[in-house]
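Read through the structure below, which is laid out as structure tokens, and then see the notes.
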Amino acid sequence: MKIATYNVNGIKARLPRLVEWLTETQPDVACLQEIKTSDETFPEAEIRDAGYGAIWHGQKGFNGVAVLAKGADPVERQRRLPGDDEDVLSRYLEAEIDGLIVASIYLPNGNPVPGPKFEYKLTWMERLHVHAAGLLATERQVCLAGDYNVIPTDADVWKPAAMASDALMQPESRAAFRRLAAQGWTDALHSRHPNNPLWTFWDYTMNSFARDAGFRIDHLMLSPAAADRLVDAGVDKDHRGREKASDHAPTWITLR
DNA sequence: ATGACTGGGTTCCCCAGA
């Protein structure tokens, strides 16, 4: 089983590229982020024509997450992260597919630091910590996949100094990510590529992709039952280099 | 200290992204 996460940066603008990627790489599950569309305007028919059932949690203009399943309809378990009824941003969608629990996560960016957006990021991570503990307690196969907006270590960025003041690599952001992992989650990409991290994002500006000036912020976190079945992990880097690409690359794992 | 790029909406400029 192949599970992927892909921050598409606008599903309407990305639709030809998204369908092309689904057709070429055939993930069984695809978690999308930043679909940037309202529920009413989600391109359900085009996704279905590509062979995928889908559920989505949209928002006009910003954010928005979806879960796609090849030849199946994901069964929704949860939309929105519990813990703050005031938080109306569309950043979390959890589903069950073929016995697997999977969540599409769009964690807040948090810039600028300091400020209310950074506080929101840390609070959101605390809420994720609480909810994730409940998922672990089920002892089931669970994959929390998405754009975490956290660069876990200095090894996960092309030049740490260039990003030093960024919310993505503040000590508080990293500590929250480490604390989540310490619950018992396996960072699948790190597990399979411990010595040569793969970038999942390259900025549109400054010729970043050509210089390979990227970093690793899209993560697939596995519960022990899922981690036991981990076979491989990778990044579809060539899709980042195509015309009208997202600034993120699709990131995937395979499970036995 | 700033801007480079891109997508989307309040669209012919502004905001947010990372």
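Just remember, in the structure tokens the first chain shown is A, the second B, etc., residues are 1-based per chain, and ligands are 1-based in the order shown.
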
>> Using DSSP assignments from the backbone, pull out every residue in stretch 5-209 of chain A that falls under helix (DSSP H, G or I) and give it to me as a VMD selection string.
In response: chain A and resid 11 to 25 39 to 41 44 to 49 116 to 137 154 to 156 160 to 163 167 to 169 171 to 182 188 to 192

> Got a sec to tell me which of stretch 21-253 of chain A DSSP assigns to strand (DSSP E or B), as a PyMOL selection string?
Replying inline: chain A and resi 29-33+52-57+65-70+75-79+92-97+100-106+142-147+157+186-187+201-202+214-215+218-222+230-235+248+251-253

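Residues surrounding stretch 7-16 of chain B within 12 Å are Val8, Asn9, Gly10, Ile11, Lys12, Ala13, Arg14, Glu34, Ile35, Lys36, Thr37, Ser38, Gln59, Lys60, Gly61, Phe62, Asn63, Pro108, Asn109, Gly110, Asn111, Pro112, Lys117, Lys244, Ala245, Ser246 and Asp247 of chain A [only C-alpha atoms (C1' of nucleotides); sequence separation below 6 positions excluded].
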
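Counting only C-alpha atoms (C1' of nucleotides), every residue of chain A that comes within 6 Å of chain B is listed here: Gly61, Tyr204, Thr205 and Met206 of chain A.
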
Go ahead and write the selection's residues with C-alpha atoms as a compact mmCIF listing (two decimals), in the first residue's frame.
```txt
# COMPACT_ATOMS: atom_id res chain seq x y z
CA GLY A 61 -9.15 31.09 -0.63
CA TYR A 204 9.44 29.59 -5.85
CA THR A 205 11.83 32.50 -5.43
CA MET A 206 15.60 32.83 -5.71
```

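From atom CA of A:Arg179 back to atom CA of A:Gly146, the distance works out to 17.2 Å.
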
>> Rounded to one decimal, what separation in Å do you get between atom CA of A:Asp236 and atom CA of A:Ala161?
In response: 26.4 Å

> Within 8 Å of stretch 212-222 of chain A, counting only C-alpha atoms (C1' of nucleotides), which residues qualify if same-chain residues fewer than 6 places away don't, as a PyMOL selection string?
Replying inline: chain A and resi 5-6+141-152+156-159+181+185-189+197-203+251-253

> At what distance in Å, to one decimal, does atom CA of A:Gln33 lie from atom CA of A:Thr138?
Replying inline: 25.4 Å
